[in-house]
Amino acid sequence: MRLLKVATCNLNQWAMDFDCNLKHIKESISRAKEAGAVIRLGPELEITGYGCEDHFLELDTVNHAWECLKEILLGDWTDGILCSIGMPIIKGSERYNCQVFCFNRKIVMIRPKMWLANDGNYRELRWFTTWKQEDQLVEFQIPPEISEALSQKSVPFGYGYIQFLDTAVAAEICEELFTPIPPHAELALNGVEVFLNASGSHHQLRKLDLRLRAFIGATHTRGGVYMYSNHQGCDGGRLYYDGCCCVVVNGEVVAQGSQFSLKDIEVVVAQVDLDAVASLRGSISSFQEQASCKNRVSSVTVPYNICRPFDLKMLLSSPQKIMYHSPEEEIAFGPGCWLWDYLRRSGASGFLLPLSGGADSSSVAAIVGCMCQLVVKEIANGDEQVKADAIRIGNYTDGQFPTDSKEFAKRIFYTVYMGSENSSEATKMRAKVLADEIGSWHLDVCIDGVVSSLLSLFQTLTGKRPHYKVDGGSNVENLGLQNIQARIRMVLAFMLASLLPWVHNKKGFYLVLGSSNVDEALRGYLTKYDCSAADIN
């Protein structure tokens, strides 16, 4: 048996927050080493954060990434453990999205991404170039200030794998797995047994199954250990990265991290037997035949054993049932986790939502309620970072902290029912019942007086007073009157969000939540500057 202990992770990185990101990387490496792992995989572009957008075009972004990598390599973080660390690198005049392999305080190899994600939410070709020289590794000159500190002038750069004395390891970066001819197929024929996939994959309903089927398919017919790492949380943009780091061996999941979590760092460890990979490959005749006439892939030799021999005391990680959330849980947990990340890093003291009692605003309220439940649950599980953030945002004193989601919601969540003469008692009651269920600080405001004042002003200016269609008015009058109500609600919402904390002797301000839905926006069926105008929509 060739026993290998590997570690992969979910990290909550923040775009351009180098200090915080470096702290998370170091902590994840420390946890991996404490667990006895000899390979540690982190997410794609983990030093800078994935969502830096046009900041990737700035030289400072790349330079700061090198400074962070230098700090990792000058310490003992990489002693005895192969670390795959994601960062942008400039070679010549091109920028590449790279995984940097570090081992024993040296850079072993730099692997640039060959196929970039450039559809849907992704625009990697705007910032990076694909690596096209697949037939060779070239020498990369390490920046002078980094080279001097590391006593290392150059490093192999390109498509290839790392050959240890007892196994071979290679990277397959995010999008590359989903290409028509993924690299792992060729790498497996060249003897690579461990595949490292660093990813920056956002949450999409039921997308997890697509990912896992790809990992399983990659190793089911050709064998191998497939490690996957991802970002988790909001990194400053509009996407939520849904983690779910995992380890798959010969088509079976043996370790899986959480998909939705408030943790900044989650490390998943698995103990695997590489002889099981060799046995599977040896039993497949077609694999043997194709391996005998394969295209040669370049490699970097590292004269070091990373596997351990058979030991009765060391248990292998067993196949486990894949954890899938229901669609309803995904809809609640994804936005709930995103809102918490946004809130704790925004400097705000909470949220304010105009709650009409309708489906859209009620859904948003329920998501905030779910967020409060997740916060209290994570605190109960011992997460000190979530606890510290909750104490700060909720303005707790004297050693108190949230233990009840409703009580926490009362501190950080205002809901406001802004009714008029056209509102029904049913929607008013629904808003009140839902607010009580969540625990929000609920206000009931009648806006008729403000509407009447505006109409009187209009009548003074023009000599005319508009009427609703049911009262004999035209379509133009009807639409104008409806829009007045909607826009008054927007103005009132922002006024309350900025001043209610002052009224209640709280610090900071509240973020206004909007509840316009995507269908209305796409069809153009919405009022500008009403519930579509908010801090977060």
# chains A, B, ... in the order shown; residues from 1 in each chain; ligands from 1

call {"tool": "residues_around", "arguments": {"residues": "Ile216 (chain A)", "least_positions_apart": "5", "cutoff": "8 Å", "atoms": "only C-alpha atoms", "output": "compact mmCIF listing (two decimals) with N, CA, C and O atoms, in the first residue's frame"}}
result
# COMPACT_ATOMS: atom_id res chain seq x y z
N VAL A 248 -12.18 12.72 -4.45
CA VAL A 248 -12.80 11.57 -5.12
C VAL A 248 -11.71 10.57 -5.48
O VAL A 248 -10.66 10.96 -6.01
N ASN A 250 -11.11 6.98 -7.53
CA ASN A 250 -11.63 5.95 -8.44
C ASN A 250 -13.15 6.03 -8.60
O ASN A 250 -13.86 5.02 -8.59
N GLY A 251 -13.64 7.24 -8.74
CA GLY A 251 -15.06 7.43 -8.99
C GLY A 251 -15.95 7.45 -7.77
O GLY A 251 -17.18 7.49 -7.90
N GLU A 252 -15.36 7.46 -6.57
CA GLU A 252 -16.16 7.48 -5.33
C GLU A 252 -15.72 8.64 -4.44
O GLU A 252 -14.53 8.85 -4.22
N VAL A 253 -16.70 9.39 -3.92
CA VAL A 253 -16.41 10.52 -3.03
C VAL A 253 -16.04 9.98 -1.66
O VAL A 253 -16.80 9.25 -1.03

call {"tool": "select_by_dssp", "arguments": {"residues": "region 377-531 of chain A", "states": "strand (DSSP E)", "output": "VMD selection string"}}
result
chain A and resid 413 to 419 441 to 446 510 to 512

call {"tool": "write_last_selection", "arguments": {"atoms": "C-alpha atoms", "output": "mmCIF file, in the first residue's frame"}}
result
data_model
loop_
_atom_site.group_PDB
_atom_site.id
_atom_site.type_symbol
_atom_site.label_atom_id
_atom_site.label_comp_id
_atom_site.auth_asym_id
_atom_site.auth_seq_id
_atom_site.Cartn_x
_atom_site.Cartn_y
_atom_site.Cartn_z
ATOM 1 C CA PHE A 413 -33.281 43.827 10.765
ATOM 2 C CA TYR A 414 -35.984 46.475 10.273
ATOM 3 C CA THR A 415 -39.079 45.702 8.218
ATOM 4 C CA VAL A 416 -41.481 48.472 7.203
ATOM 5 C CA TYR A 417 -45.019 48.091 5.875
ATOM 6 C CA MET A 418 -45.770 51.287 3.957
ATOM 7 C CA GLY A 419 -49.483 51.066 3.214
ATOM 8 C CA TRP A 441 -38.244 45.260 14.277
ATOM 9 C CA HIS A 442 -41.451 45.956 12.365
ATOM 10 C CA LEU A 443 -42.987 49.334 11.574
ATOM 11 C CA ASP A 444 -46.396 50.103 10.061
ATOM 12 C CA VAL A 445 -46.453 53.410 8.178
ATOM 13 C CA CYS A 446 -49.307 55.025 6.261
ATOM 14 C CA TYR A 510 -28.700 50.118 7.667
ATOM 15 C CA LEU A 511 -28.534 48.743 4.136
ATOM 16 C CA VAL A 512 -31.801 48.954 2.203
#

call {"tool": "closest_atom_pairs", "arguments": {"of": "region 202-308 of chain A", "to": "region 9-32 of chain A", "cutoff": "6 Å", "atoms": "only C-alpha atoms", "output": "CSV"}}
result
residue,atom,partner,partner_atom,distance
A:Ser229,CA,A:Cys9,CA,5.4
A:Asn230,CA,A:Asn10,CA,5.3
A:His231,CA,A:Leu11,CA,5.0
A:Gln232,CA,A:Asn12,CA,4.9
A:Gly233,CA,A:Asn12,CA,5.5
A:Asp235,CA,A:Trp14,CA,4.2
A:Gly243,CA,A:Asn10,CA,5.3
A:Cys245,CA,A:Cys9,CA,5.7
A:Asp264,CA,A:Asn12,CA,4.7
A:Ile265,CA,A:Leu11,CA,4.9
A:Glu266,CA,A:Asn10,CA,5.1
A:Val267,CA,A:Cys9,CA,4.3
A:Val268,CA,A:Cys9,CA,5.8

call {"tool": "residues_around", "arguments": {"residues": "Ala497 (chain A)", "least_positions_apart": "3", "cutoff": "9 Å", "atoms": "only C-alpha atoms", "output": "compact mmCIF listing (two decimals) with C-alpha atoms, in the first residue's frame"}}
result
# COMPACT_ATOMS: atom_id res chain seq x y z
CA GLY A 350 -28.11 45.76 9.66
CA PHE A 351 -30.73 45.66 6.92
CA LEU A 352 -33.99 47.51 6.27
CA LEU A 353 -36.64 46.00 4.00
CA TYR A 414 -35.98 46.47 10.27
CA LEU A 492 -38.88 56.79 3.03
CA ALA A 493 -36.94 53.50 3.13
CA PHE A 494 -33.59 55.24 2.72
CA LEU A 500 -33.48 54.66 12.71
CA PRO A 501 -30.12 53.51 14.13
CA PHE A 509 -26.43 52.76 9.17
CA TYR A 510 -28.70 50.12 7.67
CA LEU A 511 -28.53 48.74 4.14
CA VAL A 512 -31.80 48.95 2.20

call {"tool": "residues_around", "arguments": {"residues": "region 201-209 of chain A", "least_positions_apart": "2", "cutoff": "7 Å", "atoms": "only C-alpha atoms", "output": "list in words"}}
result
Ser199, Arg211, Leu212, Arg213, Asn230, Leu239, Tyr240, Tyr241, Asp242, Pro327 and Glu330 of chain A

call {"tool": "select_by_dssp", "arguments": {"residues": "region 3-114 of chain A", "states": "helix (DSSP H, G or I)", "output": "VMD selection string"}}
result
chain A and resid 18 to 34 53 to 57 59 to 74

call {"tool": "closest_residue", "arguments": {"among": "A:Phe260, A:Gly282, A:Lys91, A:Leu499", "to": "Tyr324 (chain A)", "atoms": "only C-alpha atoms"}}
result
A:Phe260

call {"tool": "residues_around", "arguments": {"residues": "region 173-175 of chain A", "least_positions_apart": "2", "cutoff": "9 Å", "atoms": "only C-alpha atoms", "output": "list of chain:residue names"}}
result
A:Glu44, A:Cys98, A:Gln99, A:Arg111, A:Pro112, A:Lys113, A:Met114, A:Trp115, A:Leu116, A:Ala117, A:Ala171, A:Leu177, A:Phe178, A:Thr179, A:Leu196, A:Asn197, A:Ala198, A:Ser199, A:Gly200, A:Ser201, A:Tyr228

call {"tool": "residues_around", "arguments": {"residues": "Glu329 (chain A)", "least_positions_apart": "4", "cutoff": "12 Å", "atoms": "only C-alpha atoms", "output": "list of chain:residue names"}}
result
A:Leu205, A:Arg206, A:Gln259, A:Phe260, A:Tyr324, A:His325, A:Phe333, A:Gly334, A:Pro335, A:Gly336, A:Cys337, A:Ala366, A:Ile367, A:Cys370, A:Met371, A:Leu374

call {"tool": "write_last_selection", "arguments": {"atoms": "C-alpha atoms", "output": "JSON list (two decimals), in the first residue's frame"}}
result
[["chain", "number", "residue", "atom", "x", "y", "z"],
["A", 205, "LEU", "CA", -29.20, 25.99, -8.49],
["A", 206, "ARG", "CA", -28.37, 22.24, -8.78],
["A", 259, "GLN", "CA", -21.63, 23.83, 0.32],
["A", 260, "PHE", "CA", -23.07, 26.68, 2.38],
["A", 324, "TYR", "CA", -27.04, 17.38, -1.57],
["A", 325, "HIS", "CA", -29.27, 20.18, -0.30],
["A", 333, "PHE", "CA", -28.80, 29.23, 2.27],
["A", 334, "GLY", "CA", -26.96, 30.68, -0.73],
["A", 335, "PRO", "CA", -28.37, 34.23, -0.55],
["A", 336, "GLY", "CA", -28.40, 34.04, 3.27],
["A", 337, "CYS", "CA", -24.66, 33.31, 3.42],
["A", 366, "ALA", "CA", -37.34, 34.97, 4.79],
["A", 367, "ILE", "CA", -33.77, 34.89, 3.42],
["A", 370, "CYS", "CA", -32.48, 32.26, 7.43],
["A", 371, "MET", "CA", -29.26, 34.28, 7.66],
["A", 374, "LEU", "CA", -27.29, 30.40, 10.29]]

call {"tool": "residues_around", "arguments": {"residues": "region 457-473 of chain A", "least_positions_apart": "6", "cutoff": "12 Å", "atoms": "only C-alpha atoms", "output": "list in words"}}
result
Asn422, Val450, Val451, Leu479, Gly480, Leu481, Gln482, Asn483 and Ile484 of chain A

call {"tool": "write_last_selection", "arguments": {"atoms": "all heavy atoms", "output": "CSV table (one decimal), in the first residue's frame"}}
result
chain,number,residue,atom,x,y,z
A,422,ASN,N,-55.0,52.3,-0.8
A,422,ASN,CA,-55.2,51.2,-1.8
A,422,ASN,C,-54.7,49.9,-1.4
A,422,ASN,O,-54.8,48.9,-2.1
A,422,ASN,CB,-54.5,51.6,-3.1
A,422,ASN,CG,-54.9,52.9,-3.7
A,422,ASN,OD1,-56.1,53.1,-3.9
A,422,ASN,ND2,-54.0,53.9,-3.9
A,450,VAL,N,-48.3,61.8,2.7
A,450,VAL,CA,-47.2,62.2,1.9
A,450,VAL,C,-47.7,62.3,0.4
A,450,VAL,O,-47.4,63.3,-0.3
A,450,VAL,CB,-46.0,61.3,2.0
A,450,VAL,CG1,-44.8,61.8,1.1
A,450,VAL,CG2,-45.6,61.1,3.4
A,451,VAL,N,-48.5,61.3,0.0
A,451,VAL,CA,-49.0,61.3,-1.3
A,451,VAL,C,-50.0,62.5,-1.5
A,451,VAL,O,-49.9,63.2,-2.6
A,451,VAL,CB,-49.8,60.0,-1.6
A,451,VAL,CG1,-50.5,60.0,-2.9
A,451,VAL,CG2,-48.9,58.8,-1.5
A,479,LEU,N,-51.1,55.5,-14.0
A,479,LEU,CA,-49.7,55.1,-13.9
A,479,LEU,C,-48.9,56.1,-13.1
A,479,LEU,O,-48.1,55.7,-12.2
A,479,LEU,CB,-49.1,55.0,-15.3
A,479,LEU,CG,-47.6,54.5,-15.4
A,479,LEU,CD1,-47.5,53.1,-14.8
A,479,LEU,CD2,-47.1,54.5,-16.8
A,480,GLY,N,-49.1,57.4,-13.3
A,480,GLY,CA,-48.4,58.4,-12.5
A,480,GLY,C,-48.7,58.3,-11.0
A,480,GLY,O,-47.8,58.4,-10.2
A,481,LEU,N,-49.9,58.1,-10.7
A,481,LEU,CA,-50.3,58.0,-9.3
A,481,LEU,C,-49.7,56.7,-8.6
A,481,LEU,O,-49.2,56.8,-7.5
A,481,LEU,CB,-51.8,57.9,-9.1
A,481,LEU,CG,-52.6,59.3,-9.4
A,481,LEU,CD1,-54.1,59.1,-9.4
A,481,LEU,CD2,-52.2,60.3,-8.3
A,482,GLN,N,-49.7,55.6,-9.4
A,482,GLN,CA,-49.0,54.4,-8.8
A,482,GLN,C,-47.5,54.6,-8.6
A,482,GLN,O,-47.0,54.2,-7.6
A,482,GLN,CB,-49.2,53.2,-9.8
A,482,GLN,CG,-50.7,52.7,-9.9
A,482,GLN,CD,-50.8,51.6,-10.8
A,482,GLN,OE1,-49.9,50.8,-11.0
A,482,GLN,NE2,-52.0,51.4,-11.4
A,483,ASN,N,-46.9,55.3,-9.5
A,483,ASN,CA,-45.4,55.5,-9.4
A,483,ASN,C,-45.1,56.5,-8.3
A,483,ASN,O,-44.1,56.3,-7.6
A,483,ASN,CB,-44.9,56.1,-10.7
A,483,ASN,CG,-44.9,55.0,-11.8
A,483,ASN,OD1,-45.0,53.8,-11.6
A,483,ASN,ND2,-44.7,55.5,-13.1
A,484,ILE,N,-46.0,57.4,-8.0
A,484,ILE,CA,-45.8,58.3,-6.9
A,484,ILE,C,-45.7,57.5,-5.6
A,484,ILE,O,-44.8,57.7,-4.7
A,484,ILE,CB,-46.9,59.4,-6.8
A,484,ILE,CG1,-46.7,60.4,-7.9
A,484,ILE,CG2,-46.8,60.1,-5.4
A,484,ILE,CD1,-47.9,61.4,-8.0

call {"tool": "closest_residue", "arguments": {"among": "A:Val491, A:Ile39, A:Cys531, A:Ile90", "to": "Val272 (chain A)", "atoms": "only C-alpha atoms"}}
result
A:Ile39
